[in-house]
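**Student:** One file is attached below, coords.txt, containing compact mmCIF, N, CA, C and O atoms.
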# COMPACT_ATOMS: atom_id res chain seq x y z
N VAL A 30 32.91 -6.07 0.98
CA VAL A 30 33.92 -7.03 0.55
C VAL A 30 33.81 -8.32 1.37
O VAL A 30 34.11 -9.38 0.89
N THR A 31 33.35 -8.23 2.59
CA THR A 31 33.33 -9.39 3.48
C THR A 31 32.56 -10.57 2.89
O THR A 31 33.03 -11.70 2.95
N GLY A 32 31.43 -10.35 2.27
CA GLY A 32 30.63 -11.43 1.72
C GLY A 32 31.31 -12.17 0.59
O GLY A 32 30.97 -13.30 0.28
N MET A 33 32.27 -11.54 -0.06
CA MET A 33 32.92 -12.16 -1.21
C MET A 33 34.25 -12.81 -0.88
O MET A 33 34.80 -13.49 -1.71
N GLU A 34 34.77 -12.60 0.31
CA GLU A 34 36.09 -13.11 0.63
C GLU A 34 36.18 -14.63 0.56
O GLU A 34 37.15 -15.16 0.07
N THR A 35 35.16 -15.33 1.03
CA THR A 35 35.18 -16.79 1.02
C THR A 35 35.23 -17.32 -0.41
O THR A 35 36.06 -18.15 -0.74
N SER A 36 34.36 -16.81 -1.29
CA SER A 36 34.37 -17.28 -2.67
C SER A 36 35.64 -16.83 -3.39
O SER A 36 36.15 -17.55 -4.24
N ALA A 37 36.17 -15.68 -3.05
CA ALA A 37 37.40 -15.20 -3.68
C ALA A 37 38.58 -16.09 -3.29
O ALA A 37 39.47 -16.32 -4.10
N ASP A 38 38.59 -16.60 -2.06
CA ASP A 38 39.67 -17.48 -1.63
C ASP A 38 39.74 -18.72 -2.51
O ASP A 38 40.81 -19.23 -2.80
N LYS A 39 38.59 -19.21 -2.94
CA LYS A 39 38.55 -20.38 -3.81
C LYS A 39 38.76 -20.00 -5.28
O LYS A 39 39.21 -20.81 -6.07
N PHE A 40 38.40 -18.78 -5.64
CA PHE A 40 38.42 -18.35 -7.04
C PHE A 40 39.77 -17.79 -7.47
O PHE A 40 40.22 -18.04 -8.58
N ILE A 41 40.43 -17.05 -6.59
CA ILE A 41 41.70 -16.39 -6.94
C ILE A 41 42.84 -17.04 -6.16
O ILE A 41 42.80 -17.10 -4.94
N SER A 42 43.85 -17.49 -6.89
CA SER A 42 45.05 -18.04 -6.26
C SER A 42 46.20 -17.06 -6.49
O SER A 42 46.46 -16.67 -7.63
N ILE A 43 46.88 -16.67 -5.40
CA ILE A 43 48.00 -15.73 -5.49
C ILE A 43 49.22 -16.40 -4.89
O ILE A 43 49.19 -16.88 -3.77
N PHE A 44 50.32 -16.43 -5.68
CA PHE A 44 51.55 -17.06 -5.19
C PHE A 44 52.76 -16.30 -5.73
O PHE A 44 52.79 -16.02 -6.92
N PRO A 45 53.74 -15.98 -4.93
CA PRO A 45 53.73 -16.06 -3.47
C PRO A 45 52.95 -14.88 -2.88
O PRO A 45 52.81 -13.84 -3.52
N ASN A 46 52.48 -15.06 -1.69
CA ASN A 46 51.77 -13.99 -0.98
C ASN A 46 52.07 -14.15 0.49
O ASN A 46 51.57 -15.08 1.11
N PRO A 47 52.94 -13.32 1.04
CA PRO A 47 53.46 -12.05 0.56
C PRO A 47 54.45 -12.20 -0.61
O PRO A 47 55.10 -13.22 -0.74
N ALA A 48 54.51 -11.16 -1.43
CA ALA A 48 55.37 -11.14 -2.61
C ALA A 48 56.49 -10.13 -2.43
O ALA A 48 56.38 -9.20 -1.64
N THR A 49 57.56 -10.33 -3.18
CA THR A 49 58.66 -9.36 -3.17
C THR A 49 58.92 -8.78 -4.55
O THR A 49 58.95 -7.57 -4.73
N ASP A 50 59.10 -9.64 -5.57
CA ASP A 50 59.40 -9.12 -6.90
C ASP A 50 58.33 -9.41 -7.94
O ASP A 50 57.90 -8.54 -8.66
N LYS A 51 57.86 -10.67 -8.00
CA LYS A 51 56.80 -11.03 -8.93
C LYS A 51 55.75 -11.85 -8.21
O LYS A 51 56.04 -12.54 -7.24
N VAL A 52 54.54 -11.79 -8.73
CA VAL A 52 53.44 -12.57 -8.17
C VAL A 52 52.66 -13.20 -9.33
O VAL A 52 52.52 -12.59 -10.38
N ASN A 53 52.23 -14.44 -9.11
CA ASN A 53 51.41 -15.14 -10.09
C ASN A 53 49.98 -15.21 -9.56
O ASN A 53 49.75 -15.65 -8.44
N ILE A 54 49.04 -14.80 -10.40
CA ILE A 54 47.63 -14.80 -10.04
C ILE A 54 46.92 -15.75 -10.99
O ILE A 54 47.01 -15.59 -12.21
N THR A 55 46.24 -16.77 -10.43
CA THR A 55 45.56 -17.77 -11.25
C THR A 55 44.08 -17.81 -10.90
O THR A 55 43.71 -17.75 -9.73
N VAL A 56 43.25 -17.90 -11.94
CA VAL A 56 41.80 -17.95 -11.78
C VAL A 56 41.27 -19.13 -12.58
O VAL A 56 41.58 -19.24 -13.77
N PRO A 57 40.50 -20.04 -11.95
CA PRO A 57 39.97 -21.21 -12.66
C PRO A 57 38.75 -20.86 -13.50
O PRO A 57 37.62 -21.18 -13.15
N SER A 58 38.97 -20.18 -14.61
CA SER A 58 37.86 -19.75 -15.46
C SER A 58 38.33 -19.65 -16.90
O SER A 58 39.48 -19.28 -17.16
N THR A 59 37.44 -19.96 -17.83
CA THR A 59 37.74 -19.77 -19.25
C THR A 59 36.97 -18.59 -19.80
O THR A 59 37.10 -18.24 -20.97
N ARG A 60 36.16 -17.95 -18.96
CA ARG A 60 35.40 -16.77 -19.37
C ARG A 60 36.30 -15.55 -19.44
O ARG A 60 37.40 -15.54 -18.88
N ALA A 61 35.82 -14.50 -20.10
CA ALA A 61 36.58 -13.26 -20.20
C ALA A 61 36.76 -12.66 -18.80
O ALA A 61 35.81 -12.58 -18.03
N LEU A 62 37.99 -12.30 -18.48
CA LEU A 62 38.31 -11.73 -17.17
C LEU A 62 38.89 -10.34 -17.31
O LEU A 62 39.60 -10.04 -18.28
N TYR A 63 38.61 -9.49 -16.33
CA TYR A 63 39.28 -8.20 -16.20
C TYR A 63 39.83 -8.17 -14.80
O TYR A 63 39.12 -8.48 -13.84
N GLY A 64 41.10 -7.82 -14.66
CA GLY A 64 41.68 -7.78 -13.33
C GLY A 64 42.60 -6.60 -13.13
O GLY A 64 43.16 -6.05 -14.09
N GLU A 65 42.73 -6.21 -11.88
CA GLU A 65 43.65 -5.12 -11.53
C GLU A 65 44.10 -5.28 -10.09
O GLU A 65 43.48 -5.99 -9.31
N ILE A 66 45.20 -4.62 -9.79
CA ILE A 66 45.69 -4.54 -8.41
C ILE A 66 45.44 -3.12 -7.94
O ILE A 66 45.82 -2.16 -8.62
N LEU A 67 44.80 -3.02 -6.78
CA LEU A 67 44.46 -1.73 -6.21
C LEU A 67 45.32 -1.44 -4.99
O LEU A 67 45.65 -2.35 -4.24
N SER A 68 45.65 -0.18 -4.81
CA SER A 68 46.35 0.24 -3.59
C SER A 68 45.36 0.19 -2.44
O SER A 68 44.15 0.05 -2.64
N ALA A 69 45.86 0.35 -1.23
CA ALA A 69 44.99 0.39 -0.05
C ALA A 69 43.99 1.55 -0.15
O ALA A 69 42.90 1.48 0.40
N ALA A 70 44.36 2.60 -0.90
CA ALA A 70 43.47 3.75 -1.09
C ALA A 70 42.43 3.50 -2.17
O ALA A 70 41.54 4.32 -2.37
N GLY A 71 42.56 2.39 -2.91
CA GLY A 71 41.58 2.05 -3.93
C GLY A 71 41.93 2.47 -5.35
O GLY A 71 41.14 2.29 -6.26
N THR A 72 43.13 3.02 -5.55
CA THR A 72 43.54 3.41 -6.90
C THR A 72 44.20 2.23 -7.61
O THR A 72 44.87 1.41 -6.99
N THR A 73 44.03 2.15 -8.92
CA THR A 73 44.61 1.06 -9.71
C THR A 73 46.11 1.29 -9.86
O THR A 73 46.54 2.35 -10.31
N VAL A 74 46.91 0.29 -9.47
CA VAL A 74 48.36 0.38 -9.61
C VAL A 74 48.89 -0.56 -10.68
O VAL A 74 49.99 -0.38 -11.19
N ARG A 75 48.12 -1.58 -11.04
CA ARG A 75 48.48 -2.52 -12.10
C ARG A 75 47.20 -3.05 -12.74
O ARG A 75 46.21 -3.29 -12.06
N THR A 76 47.24 -3.25 -14.05
CA THR A 76 46.17 -3.94 -14.76
C THR A 76 46.68 -5.32 -15.10
O THR A 76 47.83 -5.47 -15.52
N LEU A 77 45.84 -6.33 -14.90
CA LEU A 77 46.27 -7.71 -15.11
C LEU A 77 45.99 -8.16 -16.54
O LEU A 77 44.91 -7.90 -17.07
N ALA A 78 46.97 -8.82 -17.15
CA ALA A 78 46.83 -9.40 -18.48
C ALA A 78 46.80 -10.92 -18.32
O ALA A 78 47.84 -11.55 -18.11
N PHE A 79 45.60 -11.49 -18.39
CA PHE A 79 45.45 -12.93 -18.18
C PHE A 79 45.76 -13.71 -19.45
O PHE A 79 45.43 -13.29 -20.55
N VAL A 80 46.40 -14.87 -19.27
CA VAL A 80 46.72 -15.79 -20.35
C VAL A 80 45.99 -17.10 -20.08
O VAL A 80 46.09 -17.65 -18.98
N LYS A 81 45.26 -17.60 -21.08
CA LYS A 81 44.50 -18.85 -20.89
C LYS A 81 45.44 -20.04 -20.88
O LYS A 81 46.36 -20.15 -21.68
N GLU A 82 45.18 -20.94 -19.92
CA GLU A 82 45.94 -22.18 -19.77
C GLU A 82 44.95 -23.30 -19.45
O GLU A 82 44.60 -23.49 -18.30
N ASN A 83 44.50 -24.04 -20.45
CA ASN A 83 43.53 -25.12 -20.28
C ASN A 83 42.25 -24.59 -19.62
O ASN A 83 41.56 -23.78 -20.22
N ASP A 84 41.95 -25.00 -18.39
CA ASP A 84 40.71 -24.60 -17.72
C ASP A 84 40.89 -23.41 -16.78
O ASP A 84 40.05 -23.16 -15.93
N SER A 85 42.01 -22.70 -16.90
CA SER A 85 42.25 -21.56 -16.02
C SER A 85 42.95 -20.44 -16.80
O SER A 85 43.29 -20.60 -17.96
N GLN A 86 43.15 -19.34 -16.11
CA GLN A 86 43.88 -18.20 -16.67
C GLN A 86 44.82 -17.68 -15.61
O GLN A 86 44.52 -17.74 -14.42
N SER A 87 45.97 -17.19 -16.05
CA SER A 87 46.93 -16.66 -15.08
C SER A 87 47.56 -15.38 -15.58
O SER A 87 47.58 -15.09 -16.77
N ALA A 88 48.06 -14.61 -14.63
CA ALA A 88 48.75 -13.37 -14.91
C ALA A 88 49.97 -13.30 -14.00
O ALA A 88 49.88 -13.63 -12.82
N THR A 89 51.10 -12.90 -14.56
CA THR A 89 52.31 -12.66 -13.77
C THR A 89 52.50 -11.16 -13.68
O THR A 89 52.47 -10.47 -14.70
N VAL A 90 52.70 -10.67 -12.46
CA VAL A 90 52.76 -9.23 -12.23
C VAL A 90 54.10 -8.87 -11.61
O VAL A 90 54.52 -9.48 -10.61
N ASP A 91 54.77 -7.87 -12.17
CA ASP A 91 56.02 -7.33 -11.63
C ASP A 91 55.67 -6.41 -10.46
O ASP A 91 54.95 -5.43 -10.62
N MET A 92 56.18 -6.75 -9.28
CA MET A 92 55.87 -5.99 -8.06
C MET A 92 57.04 -5.11 -7.60
O MET A 92 56.92 -4.41 -6.61
N LEU A 93 58.17 -5.18 -8.30
CA LEU A 93 59.38 -4.49 -7.83
C LEU A 93 59.19 -3.00 -7.59
O LEU A 93 59.69 -2.46 -6.62
N SER A 94 58.48 -2.32 -8.47
CA SER A 94 58.36 -0.86 -8.34
C SER A 94 57.28 -0.43 -7.35
O SER A 94 57.14 0.76 -7.07
N LEU A 95 56.51 -1.39 -6.82
CA LEU A 95 55.49 -1.03 -5.84
C LEU A 95 56.08 -0.99 -4.44
O LEU A 95 56.95 -1.78 -4.10
N LYS A 96 55.59 -0.06 -3.65
CA LYS A 96 56.05 0.06 -2.27
C LYS A 96 55.53 -1.11 -1.44
O LYS A 96 54.49 -1.68 -1.73
N ALA A 97 56.27 -1.45 -0.38
CA ALA A 97 55.82 -2.50 0.54
C ALA A 97 54.50 -2.07 1.15
O ALA A 97 54.29 -0.89 1.45
N GLY A 98 53.61 -3.03 1.31
CA GLY A 98 52.33 -2.71 1.92
C GLY A 98 51.23 -3.65 1.48
O GLY A 98 51.47 -4.73 0.94
N PHE A 99 50.01 -3.20 1.69
CA PHE A 99 48.81 -3.99 1.48
C PHE A 99 48.14 -3.56 0.17
O PHE A 99 47.97 -2.38 -0.08
N TYR A 100 47.77 -4.54 -0.66
CA TYR A 100 47.09 -4.28 -1.93
C TYR A 100 45.88 -5.21 -2.05
O TYR A 100 45.77 -6.19 -1.32
N ILE A 101 45.00 -4.91 -2.98
CA ILE A 101 43.82 -5.73 -3.25
C ILE A 101 43.88 -6.18 -4.70
O ILE A 101 44.05 -5.35 -5.61
N VAL A 102 43.71 -7.49 -4.92
CA VAL A 102 43.57 -8.02 -6.27
C VAL A 102 42.08 -8.06 -6.56
O VAL A 102 41.30 -8.64 -5.80
N LYS A 103 41.67 -7.43 -7.64
CA LYS A 103 40.27 -7.38 -8.04
C LYS A 103 40.13 -8.10 -9.37
O LYS A 103 40.84 -7.77 -10.33
N VAL A 104 39.25 -9.08 -9.45
CA VAL A 104 39.01 -9.81 -10.69
C VAL A 104 37.52 -9.78 -10.99
O VAL A 104 36.70 -10.11 -10.14
N LYS A 105 37.19 -9.36 -12.21
CA LYS A 105 35.79 -9.31 -12.64
C LYS A 105 35.58 -10.39 -13.69
O LYS A 105 36.31 -10.46 -14.68
N GLU A 106 34.57 -11.24 -13.45
CA GLU A 106 34.18 -12.28 -14.39
C GLU A 106 32.68 -12.11 -14.63
O GLU A 106 31.86 -12.43 -13.77
N GLY A 107 32.33 -11.56 -15.79
CA GLY A 107 30.92 -11.26 -16.05
C GLY A 107 30.41 -10.24 -15.05
O GLY A 107 31.02 -9.19 -14.87
N ASN A 108 29.32 -10.58 -14.36
CA ASN A 108 28.75 -9.67 -13.35
C ASN A 108 29.33 -9.90 -11.96
O ASN A 108 28.95 -9.22 -11.02
N ASN A 109 30.23 -10.87 -11.83
CA ASN A 109 30.82 -11.20 -10.53
C ASN A 109 32.15 -10.48 -10.35
O ASN A 109 32.97 -10.46 -11.26
N VAL A 110 32.34 -9.92 -9.17
CA VAL A 110 33.60 -9.25 -8.84
C VAL A 110 34.16 -9.91 -7.58
O VAL A 110 33.44 -10.09 -6.60
N PHE A 111 35.44 -10.29 -7.63
CA PHE A 111 36.10 -10.96 -6.51
C PHE A 111 37.29 -10.12 -6.06
O PHE A 111 37.99 -9.52 -6.88
N TYR A 112 37.53 -10.08 -4.76
CA TYR A 112 38.63 -9.33 -4.17
C TYR A 112 39.46 -10.27 -3.29
O TYR A 112 38.91 -11.12 -2.60
N LYS A 113 40.77 -10.08 -3.33
CA LYS A 113 41.64 -10.86 -2.44
C LYS A 113 42.84 -9.99 -2.05
O LYS A 113 43.38 -9.25 -2.86
N LYS A 114 43.26 -10.14 -0.80
CA LYS A 114 44.36 -9.35 -0.26
C LYS A 114 45.71 -9.85 -0.79
O LYS A 114 45.93 -11.06 -0.91
N LEU A 115 46.59 -8.91 -1.09
CA LEU A 115 47.96 -9.20 -1.52
C LEU A 115 48.90 -8.33 -0.69
O LEU A 115 48.64 -7.14 -0.51
N VAL A 116 49.96 -8.93 -0.18
CA VAL A 116 50.94 -8.18 0.63
C VAL A 116 52.24 -8.13 -0.14
O VAL A 116 52.72 -9.13 -0.64
N LYS A 117 52.83 -6.92 -0.23
CA LYS A 117 54.14 -6.72 -0.86
C LYS A 117 55.15 -6.44 0.26
O LYS A 117 54.98 -5.53 1.03
N ASN A 118 56.19 -7.27 0.35
CA ASN A 118 57.26 -7.06 1.34
C ASN A 118 58.33 -6.16 0.78
O ASN A 118 58.55 -6.09 -0.38
Represent the structure from my file as structure tokens, please.
**Tutor:**
Amino acid sequence: VTGMETSADKFISIFPNPATDKVNITVPSTRALYGEILSAAGTTVRTLAFVKENDSQSATVDMLSLKAGFYIVKVKEGNNVFYKKLVKN
């Protein structure tokens, strides 16, 4: 994951982070995206539904039912996979 963190920082925008109830995830891409939120153990806890907005795509995720802790946002664009840390308070 270390080699991808720099490019993921530019590719995936997460706000707010840390999150409490909802989080917005934005990706500057018009290509087909697949995204999910993974627990620290690596299991999928949410699947992201991206909505196209001009030259980017975004997803709003309800975080209320997730326990406080550390999560990973995973976004796949073609053959590229990006990871970014998300904290739930």
**Student:** For the contact check between range 58-81 of chain A and range 95-105 of chain A, emit one row per residue of range 58-81 of chain A within 9 Å, containing the shortest atom pair and the distance in Å rounded to one decimal, counting only C-alpha atoms, chain then rising number order, as JSON lines.
**Tutor:**
{"residue": "A:Ala61", "atom": "CA", "partner": "A:Lys105", "partner_atom": "CA", "distance": 8.6}
{"residue": "A:Leu62", "atom": "CA", "partner": "A:Lys105", "partner_atom": "CA", "distance": 5.7}
{"residue": "A:Tyr63", "atom": "CA", "partner": "A:Lys105", "partner_atom": "CA", "distance": 5.1}
{"residue": "A:Gly64", "atom": "CA", "partner": "A:Val104", "partner_atom": "CA", "distance": 4.3}
{"residue": "A:Glu65", "atom": "CA", "partner": "A:Lys103", "partner_atom": "CA", "distance": 5.4}
{"residue": "A:Ile66", "atom": "CA", "partner": "A:Val102", "partner_atom": "CA", "distance": 4.6}
{"residue": "A:Leu67", "atom": "CA", "partner": "A:Ile101", "partner_atom": "CA", "distance": 5.0}
{"residue": "A:Ser68", "atom": "CA", "partner": "A:Tyr100", "partner_atom": "CA", "distance": 4.9}
{"residue": "A:Ala69", "atom": "CA", "partner": "A:Tyr100", "partner_atom": "CA", "distance": 5.5}
{"residue": "A:Ala70", "atom": "CA", "partner": "A:Tyr100", "partner_atom": "CA", "distance": 8.8}
{"residue": "A:Gly71", "atom": "CA", "partner": "A:Ile101", "partner_atom": "CA", "distance": 8.1}
{"residue": "A:Val74", "atom": "CA", "partner": "A:Leu95", "partner_atom": "CA", "distance": 8.2}
{"residue": "A:Leu77", "atom": "CA", "partner": "A:Val104", "partner_atom": "CA", "distance": 8.8}
**Student:** Find the residues with any atom within 10 Å of (58.8, -7.0, -10.4); use only C-alpha atoms and the coordinates as given in the file, and write the answer as a ChimeraX atom specification.
**Tutor:** /A:48-52,89-95
**Student:** DSSP says alpha helix (DSSP H) for which residues of chain A? Put them as a ChimeraX atom specification?
**Tutor:** /A:31-40
**Student:** Restricting the output to N, CA, C and O atoms, write the selected residues as a PDB file, in the coordinates of the input.
**Tutor:**
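Below is the file that was written, out_21.pdb:
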ATOM      1  N   THR A  31      33.350  -8.230   2.590  1.00  0.00           N
ATOM      2  CA  THR A  31      33.330  -9.390   3.480  1.00  0.00           C
ATOM      3  C   THR A  31      32.560 -10.570   2.890  1.00  0.00           C
ATOM      4  O   THR A  31      33.030 -11.700   2.950  1.00  0.00           O
ATOM      5  N   GLY A  32      31.430 -10.350   2.270  1.00  0.00           N
ATOM      6  CA  GLY A  32      30.630 -11.430   1.720  1.00  0.00           C
ATOM      7  C   GLY A  32      31.310 -12.170   0.590  1.00  0.00           C
ATOM      8  O   GLY A  32      30.970 -13.300   0.280  1.00  0.00           O
ATOM      9  N   MET A  33      32.270 -11.540  -0.060  1.00  0.00           N
ATOM     10  CA  MET A  33      32.920 -12.160  -1.210  1.00  0.00           C
ATOM     11  C   MET A  33      34.250 -12.810  -0.880  1.00  0.00           C
ATOM     12  O   MET A  33      34.800 -13.490  -1.710  1.00  0.00           O
ATOM     13  N   GLU A  34      34.770 -12.600   0.310  1.00  0.00           N
ATOM     14  CA  GLU A  34      36.090 -13.110   0.630  1.00  0.00           C
ATOM     15  C   GLU A  34      36.180 -14.630   0.560  1.00  0.00           C
ATOM     16  O   GLU A  34      37.150 -15.160   0.070  1.00  0.00           O
ATOM     17  N   THR A  35      35.160 -15.330   1.030  1.00  0.00           N
ATOM     18  CA  THR A  35      35.180 -16.790   1.020  1.00  0.00           C
ATOM     19  C   THR A  35      35.230 -17.320  -0.410  1.00  0.00           C
ATOM     20  O   THR A  35      36.060 -18.150  -0.740  1.00  0.00           O
ATOM     21  N   SER A  36      34.360 -16.810  -1.290  1.00  0.00           N
ATOM     22  CA  SER A  36      34.370 -17.280  -2.670  1.00  0.00           C
ATOM     23  C   SER A  36      35.640 -16.830  -3.390  1.00  0.00           C
ATOM     24  O   SER A  36      36.150 -17.550  -4.240  1.00  0.00           O
ATOM     25  N   ALA A  37      36.170 -15.680  -3.050  1.00  0.00           N
ATOM     26  CA  ALA A  37      37.400 -15.200  -3.680  1.00  0.00           C
ATOM     27  C   ALA A  37      38.580 -16.090  -3.290  1.00  0.00           C
ATOM     28  O   ALA A  37      39.470 -16.320  -4.100  1.00  0.00           O
ATOM     29  N   ASP A  38      38.590 -16.600  -2.060  1.00  0.00           N
ATOM     30  CA  ASP A  38      39.670 -17.480  -1.630  1.00  0.00           C
ATOM     31  C   ASP A  38      39.740 -18.720  -2.510  1.00  0.00           C
ATOM     32  O   ASP A  38      40.810 -19.230  -2.800  1.00  0.00           O
ATOM     33  N   LYS A  39      38.590 -19.210  -2.940  1.00  0.00           N
ATOM     34  CA  LYS A  39      38.550 -20.380  -3.810  1.00  0.00           C
ATOM     35  C   LYS A  39      38.760 -20.000  -5.280  1.00  0.00           C
ATOM     36  O   LYS A  39      39.210 -20.810  -6.070  1.00  0.00           O
ATOM     37  N   PHE A  40      38.400 -18.780  -5.640  1.00  0.00           N
ATOM     38  CA  PHE A  40      38.420 -18.350  -7.040  1.00  0.00           C
ATOM     39  C   PHE A  40      39.770 -17.790  -7.470  1.00  0.00           C
ATOM     40  O   PHE A  40      40.220 -18.040  -8.580  1.00  0.00           O
TER      41      PHE A  40
END
**Student:** (37.3, -26.0, -15.6) in this file's frame - what residues fall within 6 Å of it? Use all atoms listed in the file and give the answer as an MDAnalysis selection string.
**Tutor:** chainID A and resid 57 84:85
**Student:** So how many Å separate atom C of Arg60 in chain A and atom O of Lys117 in chain A, to one decimal?
**Tutor:** 29.5 Å
**Student:** Return the single residue from A:Thr76, A:Ala88, A:Asn118, A:Asn108 that is closest to Phe44 in chain A, with distances computed using all atoms listed in the file.
**Tutor:**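 Using all atoms listed in the file, Phe44 in chain A sits closest to A:Ala88.
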**Student:** Going by DSSP on the backbone, which bits of range 44-81 of chain A are strand (DSSP E or B)? Write them as a list of chain:residue names, please.
**Tutor:** A:Phe44, A:Ala48, A:Lys51, A:Val52, A:Asn53, A:Ile54, A:Thr55, A:Val56, A:Leu62, A:Tyr63, A:Gly64, A:Glu65, A:Ile66, A:Leu67, A:Ser68, A:Thr73, A:Val74, A:Arg75, A:Thr76, A:Leu77, A:Val80, A:Lys81
**Student:** Grab the atom O of Lys39 in chain A to atom C of Val116 in chain A distance for me, in Å with one decimal place.
**Tutor:** 19.1 Å
**Student:** My list of candidates is A:Ser87, A:Glu106, A:Lys81, A:Val56. Which is closest to Asp38 in chain A when distances are computed with only C-alpha atoms?
**Tutor:** A:Val56
**Student:** Once you add 3 Å to each side, what are the centre and edge lengths of the axis-aligned box holding all listed atoms of range 36-53 of chain A? One decimal in Å, as lines of an AutoDock Vina configuration file, if you can.
**Tutor:**
center_x = 46.9
center_y = -14.2
center_z = -4.6
size_x = 31.0
size_y = 19.2
size_z = 17.5
**Student:** I'd like the interatomic distance between CA of Glu82 in chain A and CA of Lys114 in chain A, to a tenth of an Å.
**Tutor:**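 If I compute the distance from CA of Glu82 in chain A to CA of Lys114 in chain A, I get 23.4 Å.
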**Student:** Copy range 75-81 of chain A out of the block into a file, keeping all heavy atoms, as a PDB file, in the first residue's frame.
**Tutor:**
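Now in selection-v9.pdb:
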ATOM      1  N   ARG A  75     -18.770  -1.325   3.432  1.00  0.00           N
ATOM      2  CA  ARG A  75     -19.633  -0.485   2.603  1.00  0.00           C
ATOM      3  C   ARG A  75     -19.167  -0.575   1.154  1.00  0.00           C
ATOM      4  O   ARG A  75     -17.973  -0.635   0.882  1.00  0.00           O
ATOM      5  CB  ARG A  75     -19.570   1.002   3.004  1.00  0.00           C
ATOM      6  CG  ARG A  75     -20.149   1.344   4.350  1.00  0.00           C
ATOM      7  CD  ARG A  75     -21.686   1.395   4.280  1.00  0.00           C
ATOM      8  NE  ARG A  75     -22.240   1.847   5.535  1.00  0.00           N
ATOM      9  CZ  ARG A  75     -22.443   1.091   6.606  1.00  0.00           C
ATOM     10  NH1 ARG A  75     -22.105  -0.175   6.593  1.00  0.00           N
ATOM     11  NH2 ARG A  75     -22.971   1.599   7.696  1.00  0.00           N
ATOM     12  N   THR A  76     -20.119  -0.575   0.230  1.00  0.00           N
ATOM     13  CA  THR A  76     -19.816  -0.455  -1.190  1.00  0.00           C
ATOM     14  C   THR A  76     -20.182   0.957  -1.603  1.00  0.00           C
ATOM     15  O   THR A  76     -21.233   1.464  -1.201  1.00  0.00           O
ATOM     16  CB  THR A  76     -20.613  -1.493  -2.003  1.00  0.00           C
ATOM     17  OG1 THR A  76     -20.274  -2.804  -1.543  1.00  0.00           O
ATOM     18  CG2 THR A  76     -20.284  -1.400  -3.479  1.00  0.00           C
ATOM     19  N   LEU A  77     -19.320   1.589  -2.382  1.00  0.00           N
ATOM     20  CA  LEU A  77     -19.538   2.985  -2.765  1.00  0.00           C
ATOM     21  C   LEU A  77     -20.330   3.077  -4.061  1.00  0.00           C
ATOM     22  O   LEU A  77     -20.042   2.352  -5.017  1.00  0.00           O
ATOM     23  CB  LEU A  77     -18.195   3.699  -2.935  1.00  0.00           C
ATOM     24  CG  LEU A  77     -17.253   3.641  -1.736  1.00  0.00           C
ATOM     25  CD1 LEU A  77     -15.949   4.352  -2.072  1.00  0.00           C
ATOM     26  CD2 LEU A  77     -17.907   4.278  -0.523  1.00  0.00           C
ATOM     27  N   ALA A  78     -21.321   3.970  -4.085  1.00  0.00           N
ATOM     28  CA  ALA A  78     -22.108   4.246  -5.282  1.00  0.00           C
ATOM     29  C   ALA A  78     -21.733   5.645  -5.760  1.00  0.00           C
ATOM     30  O   ALA A  78     -22.172   6.644  -5.189  1.00  0.00           O
ATOM     31  CB  ALA A  78     -23.597   4.160  -4.973  1.00  0.00           C
ATOM     32  N   PHE A  79     -20.889   5.707  -6.797  1.00  0.00           N
ATOM     33  CA  PHE A  79     -20.410   6.998  -7.290  1.00  0.00           C
ATOM     34  C   PHE A  79     -21.422   7.642  -8.228  1.00  0.00           C
ATOM     35  O   PHE A  79     -22.076   6.968  -9.017  1.00  0.00           O
ATOM     36  CB  PHE A  79     -19.071   6.830  -8.022  1.00  0.00           C
ATOM     37  CG  PHE A  79     -17.915   6.582  -7.103  1.00  0.00           C
ATOM     38  CD1 PHE A  79     -17.440   5.304  -6.889  1.00  0.00           C
ATOM     39  CD2 PHE A  79     -17.311   7.629  -6.436  1.00  0.00           C
ATOM     40  CE1 PHE A  79     -16.372   5.069  -6.039  1.00  0.00           C
ATOM     41  CE2 PHE A  79     -16.246   7.415  -5.574  1.00  0.00           C
ATOM     42  CZ  PHE A  79     -15.782   6.136  -5.387  1.00  0.00           C
ATOM     43  N   VAL A  80     -21.533   8.966  -8.129  1.00  0.00           N
ATOM     44  CA  VAL A  80     -22.392   9.772  -8.992  1.00  0.00           C
ATOM     45  C   VAL A  80     -21.500  10.735  -9.764  1.00  0.00           C
ATOM     46  O   VAL A  80     -20.679  11.435  -9.167  1.00  0.00           O
ATOM     47  CB  VAL A  80     -23.439  10.554  -8.155  1.00  0.00           C
ATOM     48  CG1 VAL A  80     -24.277  11.449  -9.041  1.00  0.00           C
ATOM     49  CG2 VAL A  80     -24.299   9.602  -7.343  1.00  0.00           C
ATOM     50  N   LYS A  81     -21.667  10.767 -11.089  1.00  0.00           N
ATOM     51  CA  LYS A  81     -20.829  11.649 -11.917  1.00  0.00           C
ATOM     52  C   LYS A  81     -21.252  13.100 -11.748  1.00  0.00           C
ATOM     53  O   LYS A  81     -22.431  13.424 -11.729  1.00  0.00           O
ATOM     54  CB  LYS A  81     -20.927  11.243 -13.385  1.00  0.00           C
ATOM     55  CG  LYS A  81     -20.261   9.931 -13.672  1.00  0.00           C
ATOM     56  CD  LYS A  81     -20.303   9.589 -15.140  1.00  0.00           C
ATOM     57  CE  LYS A  81     -19.640   8.238 -15.360  1.00  0.00           C
ATOM     58  NZ  LYS A  81     -19.623   7.858 -16.762  1.00  0.00           N
TER      59      LYS A  81
END
